[in-house]
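Each remark here refers to the structure printed beneath this line.
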There are 2 protein chains.
Amino acid sequence: MKNIVLMLVLLMGCSHSTKKSSSHDPLPSWRETQVKKSIIEYVSKITEEGSSFVPMKDRIATFDNDGTLWSEMPLTQGIFSELEAKKLGIPIPAKKKMTEKELLTLFTKANTGMTDEAYEKEVKEFFTKVNHPQLNVPFLKTRYRPQLELIRYLTKNGFKVYICSGGTTDFMRVISEEFYGVPEEQVIGSTFQKQYKSEDNTIQSLPKADFMNDKEGKVYAIDRVIGKRPIFTSGNVRSGGDVYMLRYSQGSKYPNFQLLINHDDEVREFSYKEEDGKSLKWANKYGWHVVSMKKDWEVIFTN
Amino acid sequence: MKNIVLMLVLLMGCSHSTKKSSSHDPLPSWRETQVKKSIIEYVSKITEEGSSFVPMKDRIATFDNDGTLWSEMPLTQGIFSELEAKKLGIPIPAKKKMTEKELLTLFTKANTGMTDEAYEKEVKEFFTKVNHPQLNVPFLKTRYRPQLELIRYLTKNGFKVYICSGGTTDFMRVISEEFYGVPEEQVIGSTFQKQYKSEDNTIQSLPKADFMNDKEGKVYAIDRVIGKRPIFTSGNVRSGGDVYMLRYSQGSKYPNFQLLINHDDEVREFSYKEEDGKSLKWANKYGWHVVSMKKDWEVIFTN
């Protein structure tokens with residue numbers, strides 16, 4: 001009997017931890033188009049033993065947030081900043097006439113001058129109370145379901161998924177775990193200067209720009225925080241803010257994947273283009289995978 | 001028979017993954033003094049269900065490197081910089097007469113102007129070829145064995161352990177995994193400015209200081225990279241560079257632990273003091289645990 005038990009134990013093993021999830025569709029909100037096929041082919045390839053295998057520790061993925069993981073028309077942190085400014089009694093210039101400098105000043109004032117704890121409380125309250133002005137739903141429902149499935153799929157396959165976006169780190173960290181399942185320490189964003197006061201053991205943001213996580217800045221921030229090139233990156237068409245991050249990942253010594261979201265669904269979301277078309281040009285030049293929200297996504301938003 | 005098999009399977013289960021390590025000593029290089037007892041009591045307390053329990057995601061530990069994880073007399077990156085400067089033909093002023101500014105210039109020149117890949121190669125070569133000048137052993141053997149055991153002990157208990165030190169991030173990342181089992185992305189250090197060139201897809205350091213990870217800077221960097229207060233911190237007596245990091249952790253809402261290494265073993269390592277004595281004063285004032293290397297450590301170095 002001893003042998004039978006041993007055999008059974010060996011056969012059953014720790015089946016729950018090694019079970020492959022190949023039997024069910026990991027990306028049900030993606031239509032059966034080329035993009036979905038390419039993603040699954042890529043992930044299978046780099047997780048199976050062979051010449052394309054990537055060790056777990058180097059499976060780094062970075063996702064932009066605005067327009068890549070949730071709607072960006074208008075920017076969520078922009079809405080927060082306007083309401084926060086009103087609440088704090090900060091004068092707001094007439095919207096249509098606001099210069100870029102005035103906008104930045106407003107943004108800075110609304111998002112600084114608080115301890116980390118006080119700021120977190122403000123942001124949490126915003127997400128509980130305010131709805132998206134155009135889509136008229138809580139912000140939780142402006143997330144893209146296909147992208148959430150993708151994050152889960154990558155995570156299950158040993159990826160460490162980071163958010164790397166232009167919003168401020170402190171703003172995104174409040175919701176990264178709940179909205180995307182991404183731990184706070186895997187959030188890379190723009191930052192303000194801060195001051196640590198040992199007398200009362202607080203750290204407080206100052207109304208001075210520190211680092212803008214956009215364009216080449218994203219490459220610098222990834223290098224500083226993670227220290228290695230991601231092998232999977234995702235951004236979107238609008239400002240060209242993600243092209244360097246995507247390009248950077250192509251310098252990895254491992255097989256890599258670039259996913260660019262194109263907002264072309266005026267019925268279910270919004271349709272907009274990039275002024276100089278750089279993102280799509282680079283996608284074509286460097287062989288990135290372009291998502292047509294209209295054609296490649298069966299469902300757009302989460303419930 | 002079916003029932004017996006089932007019972008046996010359940011009994012054996014996945015025993016290797018759930019086995020508690022309470023039966024063996026997790027810190028064999030620590031003497032049976034109060035510090036060791038306090039560490040083990042603390043870790044037990046916060047990992048067991050109860051009022052002191054800390055959720056896994058908030059078990060963050062930060063360790064200084066020079067003088068906390070390995071010897072700092074002289075600084076390893078200082079030795080590297082001098083040799084690198086010689087190699088690159090950078091003029092080196094006479095050691096005893098070097099001003100702080102000259103030292104910083106030399107340091108900057110020796111550690112910049114390279115792509116990430118080229119710099120990594122230089123550092124790797126250094127660690128393969130050069131011995132510690134005083135201790136006359138490879139640098140791998142200048143690590144403190146008690147601290148390595150502590151890192152492993154914390155990691156096994158669900159902690160995410162970061163290195164947070166004054167050395168540059170890029171320098172420490174080359175050895176963090178091999179020397180300490182700490183992944184590259186859990187290294188926080190000083191940085192130089194960098195330039196990303198999309199034409200050849202390289203990122204290269206510039207001879208310009210960017211961020212100095214020392215004193216209050218450590219708090220700022222932890223806030224930026226991790227986004228939450230560590231609950232376990234360790235630094236050492238010499239310059240007062242770690243006091244704010246240790247103090248910062250005491251603002252956590254969870255039970256927390258501060259470990260300050262005092263270099264008082266002139267026989268087995270070195271004995272040195274801090275000019276204004278701030279670290280030991282704060283340790284006393286704020287109730288930190290002070291390690292006497294002479295009394296609390298049975299073994300100093302790794303093999």
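By order in the structure tokens, chains are A, B, ...; within a chain, residues start at 1; ligands start at 1, following the order shown.
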### Message
Considering only helix (DSSP H, G or I) as DSSP defines it on the backbone, what residues of region 161-273 of chain B qualify? List them as an MDAnalysis selection string.
### Response
chainID B and resid 169:180 184:186 216:225 243:249
### Message
Could you list, as a list of chain:residue names, every residue within 9 Å of Val225 (chain A), counting only C-alpha atoms and ignoring same-chain residues fewer than 6 positions away?
### Response
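Near Val225 (chain A), the qualifying residues are A:Ile188, B:Glu185, B:Gln186, B:Val187, B:Ile188, B:Val225.
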Expected file contents, prior selection, N, CA, C and O atoms, as a tab-separated table (two decimals), in the first residue's frame:
chain	number	residue	atom	x	y	z
A	188	ILE	N	4.43	54.22	-10.77
A	188	ILE	CA	5.42	55.24	-11.10
A	188	ILE	C	4.68	56.40	-11.75
A	188	ILE	O	4.00	56.22	-12.75
B	185	GLU	N	14.90	45.76	-8.35
B	185	GLU	CA	13.88	46.81	-8.20
B	185	GLU	C	13.59	47.13	-6.74
B	185	GLU	O	12.79	48.00	-6.44
B	186	GLN	N	14.25	46.43	-5.81
B	186	GLN	CA	14.12	46.78	-4.40
B	186	GLN	C	15.39	47.47	-3.88
B	186	GLN	O	15.74	47.35	-2.71
B	187	VAL	N	16.06	48.18	-4.78
B	187	VAL	CA	17.25	48.94	-4.42
B	187	VAL	C	16.98	50.43	-4.62
B	187	VAL	O	16.57	50.85	-5.69
B	188	ILE	N	17.18	51.20	-3.56
B	188	ILE	CA	16.99	52.65	-3.63
B	188	ILE	C	18.33	53.30	-3.28
B	188	ILE	O	18.87	53.04	-2.21
B	225	VAL	N	9.40	55.88	-3.92
B	225	VAL	CA	9.51	54.55	-4.55
B	225	VAL	C	8.51	53.56	-3.97
B	225	VAL	O	7.88	52.80	-4.71
### Query
Hey, what's within 10 Å of region 117-121 of chain B if we count only C-alpha atoms and toss same-chain stuff fewer than 6 positions away? As a VMD selection string, please?
chain B and resid 110 to 111 170 to 175 202 to 205
Keeping only C-alpha atoms, write the selected residues to a file as a compact mmCIF listing (two decimals), in the first residue's frame.
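Result saved to part_10.txt:
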# COMPACT_ATOMS: atom_id res chain seq x y z
CA ALA B 110 34.17 57.62 -12.51
CA ASN B 111 30.52 56.56 -12.26
CA ASP B 170 23.12 51.40 -10.45
CA PHE B 171 26.19 50.30 -8.48
CA MET B 172 24.25 48.42 -5.82
CA ARG B 173 21.90 46.75 -8.29
CA VAL B 174 24.76 44.83 -9.84
CA ILE B 175 25.25 42.85 -6.63
CA THR B 202 20.23 53.59 -25.03
CA ILE B 203 20.07 55.25 -21.65
CA GLN B 204 23.28 56.89 -20.49
CA SER B 205 24.31 58.56 -17.24
### Task
Could you tell me how far CA of Thr115 (chain A) lies from CA of Ile222 (chain B), in Å and to one decimal?
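We find that CA of Thr115 (chain A) and CA of Ile222 (chain B) lie 14.9 Å from each other.
For chain B, the residues close to chain A, meaning within 7 Å and counting only C-alpha atoms, are B:Val5, B:Val9, B:Cys14, B:Glu184, B:Glu185, B:Lys194, B:Tyr196, B:Ser198, B:Asn201, B:Glu216, B:Tyr220, B:Val225, B:Ile226, B:Gly227, B:Tyr244, B:Tyr248, B:Gly251.
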Could the residues in this selection be written to a file with C-alpha atoms, as a PDB file, in the first residue's frame?
ATOM      1  CA  VAL B   5      -5.109   7.541   0.958  1.00  0.00           C
ATOM      2  CA  VAL B   9      -2.753  13.055   1.234  1.00  0.00           C
ATOM      3  CA  CYS B  14       1.855  20.551   0.473  1.00  0.00           C
ATOM      4  CA  GLU B 184      17.208  44.986  -8.416  1.00  0.00           C
ATOM      5  CA  GLU B 185      13.876  46.809  -8.198  1.00  0.00           C
ATOM      6  CA  LYS B 194      20.455  60.301 -17.404  1.00  0.00           C
ATOM      7  CA  TYR B 196      17.606  58.501 -23.193  1.00  0.00           C
ATOM      8  CA  SER B 198      15.733  56.869 -28.910  1.00  0.00           C
ATOM      9  CA  ASN B 201      17.673  53.037 -27.808  1.00  0.00           C
ATOM     10  CA  GLU B 216      16.070  63.241   5.042  1.00  0.00           C
ATOM     11  CA  TYR B 220      11.760  61.199   0.503  1.00  0.00           C
ATOM     12  CA  VAL B 225       9.512  54.553  -4.552  1.00  0.00           C
ATOM     13  CA  ILE B 226       7.521  52.509  -2.019  1.00  0.00           C
ATOM     14  CA  GLY B 227       4.786  54.927  -0.973  1.00  0.00           C
ATOM     15  CA  TYR B 244      15.514  59.994   9.659  1.00  0.00           C
ATOM     16  CA  TYR B 248      10.139  57.762   9.824  1.00  0.00           C
ATOM     17  CA  GLY B 251       5.160  56.952  12.329  1.00  0.00           C
TER      18      GLY B 251
END
### Task
Write out as an MDAnalysis selection string which residues come within 9 Å of region 288-297 of chain B when counting only C-alpha atoms, dropping same-chain ones fewer than 2 positions away.
chainID B and resid 29:36 38 145:146 236 246 257:269 280 282:286 299:300
### Message
Just list as a PyMOL selection string whatever in region 47-286 of chain A DSSP marks as strand (DSSP E).
### Response
chain A and resi 60-63+160-168+187-197+202-211+232-236+257-262
